[in-house]
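> The structure under discussion is supplied below as structure tokens; questions concerning it will follow.
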Amino acid sequence: MGESFVSPVYHVIRVPIEKIQANVYNPNCMASPEMKLLKKSIWEDGYTMPIVCYYLKKEDRYEIVDGFHRYLVMKNSEKIAKREENHLPVSVIDKPVSHRMASTVRHNRARGEHSIDLIVDIVRQLTEAGLSDSWIQKHIGMDNDELLRLKQISGLATLFAENDFSEAWTVDDII
């Protein structure tokens, strides 16, 4: 990304909602009061932020990277869907899936809370894909302790393959 980089938000497109789909890795959850507030905000102000998607060329569909709840509002509100003519504003990014996962987490973390179980699953998937702890930390915005805690929660020994551990001690060693 050099001087010629142009942020995707400058190329927002209007996409029919039936061409948009959720991803399987979004760790973000929204409580009912916040969801009602989002719906009210969209009804009162319209869509002020595009949904961030990746274009799936073979399927001619858009997979959500960020904006799942804005998408859900339209799916669940006939009056909003009608007003918006069943279209959502979409900003398209073109990144491999590991970078899209990291982008989803960054977007969510910048705004609020997300599901620990799903973030653990993302860390597992990224680790199993061969990405290093330092890559995960850098791209998801975690420090070493946080990443270690998430790996411990998962209980999967394979997530610790990159770590060096000392030999276990025995009672005989200290007597």
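Labeling convention for the structure tokens: chains A, B, ... as they appear, residues from 1 per chain, ligands from 1 in order of appearance.
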Please identify all polymer residues within 8 Å of range 37-46 of chain A, counting only C-alpha atoms, omitting same-chain residues fewer than 6 positions from it, and present them as a PyMOL selection string.
chain A and resi 70+73+80
> As a list of chain:residue names, please: all residues of range 19-50 of chain A that backbone DSSP puts in alpha helix (DSSP H).
A:Ser32, A:Pro33, A:Glu34, A:Met35, A:Lys36, A:Leu37, A:Leu38, A:Lys39, A:Lys40, A:Ser41, A:Ile42, A:Trp43, A:Glu44, A:Asp45
> Those selected residues, please, written with C-alpha atoms and delivered as a tab-separated table (two decimals), in the first residue's frame.

chain	number	residue	atom	x	y	z
A	32	SER	CA	-31.06	-6.73	22.10
A	33	PRO	CA	-31.09	-3.10	23.36
A	34	GLU	CA	-28.14	-2.20	21.12
A	35	MET	CA	-29.75	-3.97	18.17
A	36	LYS	CA	-32.95	-1.96	18.71
A	37	LEU	CA	-30.87	1.21	18.87
A	38	LEU	CA	-29.09	0.30	15.63
A	39	LYS	CA	-32.43	-0.29	13.94
A	40	LYS	CA	-33.70	3.08	15.19
A	41	SER	CA	-30.51	4.77	14.03
A	42	ILE	CA	-30.83	3.26	10.55
A	43	TRP	CA	-34.49	4.21	10.38
A	44	GLU	CA	-33.86	7.77	11.55
A	45	ASP	CA	-30.52	8.46	9.81
> Env of range 15-22 of chain A: 10 Å cut, atoms = only C-alpha atoms, seq-sep filter 4 positions within chain, self excluded. Answer as a PyMOL selection string.
chain A and resi 26+51+53-56+59-69+71-72+74-75+81+84-91
> Give the strand (DSSP E) residues of chain A, as DSSP finds them on the backbone, and put them as a list in words.
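Going through chain A, the strand (DSSP E) residues come out as Ile13, Arg14, Val15, Pro16, Ile20, Gln21, Ile51, Val52, Cys53, Tyr54, Tyr55, Leu56, Arg61, Tyr62, Glu63, Ile64, Val65, Asp66, His87, Leu88, Pro89, Val90, Ser91 and Val92 of chain A.
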> Output N, CA and C atoms of each residue in that selection to a file, as a JSON list (two decimals), in the first residue's frame.

[["chain", "number", "residue", "atom", "x", "y", "z"],
["A", 13, "ILE", "N", -20.49, 0.78, -3.40],
["A", 13, "ILE", "CA", -21.42, 0.36, -4.45],
["A", 13, "ILE", "C", -22.75, -0.04, -3.80],
["A", 14, "ARG", "N", -23.80, -0.04, -4.58],
["A", 14, "ARG", "CA", -25.15, -0.39, -4.13],
["A", 14, "ARG", "C", -25.40, -1.84, -4.53],
["A", 15, "VAL", "N", -25.57, -2.72, -3.53],
["A", 15, "VAL", "CA", -25.67, -4.16, -3.80],
["A", 15, "VAL", "C", -27.01, -4.69, -3.29],
["A", 16, "PRO", "N", -27.71, -5.49, -4.12],
["A", 16, "PRO", "CA", -28.95, -6.12, -3.66],
["A", 16, "PRO", "C", -28.67, -7.04, -2.46],
["A", 20, "ILE", "N", -25.72, -10.63, -0.76],
["A", 20, "ILE", "CA", -24.83, -10.46, 0.39],
["A", 20, "ILE", "C", -25.04, -11.62, 1.35],
["A", 21, "GLN", "N", -23.94, -12.12, 1.90],
["A", 21, "GLN", "CA", -24.02, -13.23, 2.86],
["A", 21, "GLN", "C", -23.08, -12.98, 4.03],
["A", 51, "ILE", "N", -21.46, -1.50, 4.43],
["A", 51, "ILE", "CA", -21.08, -2.83, 4.86],
["A", 51, "ILE", "C", -19.75, -3.11, 4.16],
["A", 52, "VAL", "N", -18.79, -3.69, 4.87],
["A", 52, "VAL", "CA", -17.51, -4.04, 4.26],
["A", 52, "VAL", "C", -17.61, -5.50, 3.83],
["A", 53, "CYS", "N", -17.32, -5.76, 2.56],
["A", 53, "CYS", "CA", -17.46, -7.11, 2.02],
["A", 53, "CYS", "C", -16.26, -7.50, 1.17],
["A", 54, "TYR", "N", -16.17, -8.80, 0.93],
["A", 54, "TYR", "CA", -15.24, -9.38, -0.02],
["A", 54, "TYR", "C", -16.09, -9.95, -1.15],
["A", 55, "TYR", "N", -15.70, -9.69, -2.38],
["A", 55, "TYR", "CA", -16.48, -10.19, -3.51],
["A", 55, "TYR", "C", -16.05, -11.61, -3.86],
["A", 56, "LEU", "N", -17.04, -12.53, -3.83],
["A", 56, "LEU", "CA", -16.82, -13.92, -4.21],
["A", 56, "LEU", "C", -17.17, -14.05, -5.69],
["A", 61, "ARG", "N", -21.33, -13.15, -5.34],
["A", 61, "ARG", "CA", -21.92, -12.76, -4.06],
["A", 61, "ARG", "C", -20.88, -11.97, -3.26],
["A", 62, "TYR", "N", -21.36, -11.30, -2.24],
["A", 62, "TYR", "CA", -20.51, -10.49, -1.38],
["A", 62, "TYR", "C", -20.56, -11.06, 0.03],
["A", 63, "GLU", "N", -19.40, -11.38, 0.58],
["A", 63, "GLU", "CA", -19.32, -11.93, 1.93],
["A", 63, "GLU", "C", -18.93, -10.82, 2.90],
["A", 64, "ILE", "N", -19.72, -10.68, 3.97],
["A", 64, "ILE", "CA", -19.52, -9.60, 4.93],
["A", 64, "ILE", "C", -18.23, -9.79, 5.72],
["A", 65, "VAL", "N", -17.44, -8.75, 5.79],
["A", 65, "VAL", "CA", -16.26, -8.68, 6.64],
["A", 65, "VAL", "C", -16.61, -7.86, 7.88],
["A", 66, "ASP", "N", -17.35, -6.79, 7.68],
["A", 66, "ASP", "CA", -17.82, -5.95, 8.78],
["A", 66, "ASP", "C", -19.17, -5.36, 8.40],
["A", 87, "HIS", "N", -31.40, -2.87, -1.01],
["A", 87, "HIS", "CA", -30.00, -2.70, -1.37],
["A", 87, "HIS", "C", -29.23, -2.16, -0.16],
["A", 88, "LEU", "N", -27.98, -2.56, -0.06],
["A", 88, "LEU", "CA", -27.10, -2.05, 0.98],
["A", 88, "LEU", "C", -25.88, -1.37, 0.36],
["A", 89, "PRO", "N", -25.37, -0.34, 1.02],
["A", 89, "PRO", "CA", -24.11, 0.25, 0.55],
["A", 89, "PRO", "C", -22.96, -0.68, 0.94],
["A", 90, "VAL", "N", -22.10, -0.99, -0.01],
["A", 90, "VAL", "CA", -21.02, -1.94, 0.22],
["A", 90, "VAL", "C", -19.69, -1.33, -0.20],
["A", 91, "SER", "N", -18.73, -1.49, 0.69],
["A", 91, "SER", "CA", -17.35, -1.13, 0.42],
["A", 91, "SER", "C", -16.60, -2.46, 0.28],
["A", 92, "VAL", "N", -15.94, -2.68, -0.84],
["A", 92, "VAL", "CA", -15.31, -3.98, -1.12],
["A", 92, "VAL", "C", -13.81, -3.93, -0.82]]
> Rank nothing, just name the residue among A:Ala102, A:Val24, A:Met30, A:Met49 nearest to Leu131 in chain A, using only C-alpha atoms.
A:Ala102
> To one decimal place, how far is CA of Ile93 in chain A from CA of Val105 in chain A in Å?
14.8 Å
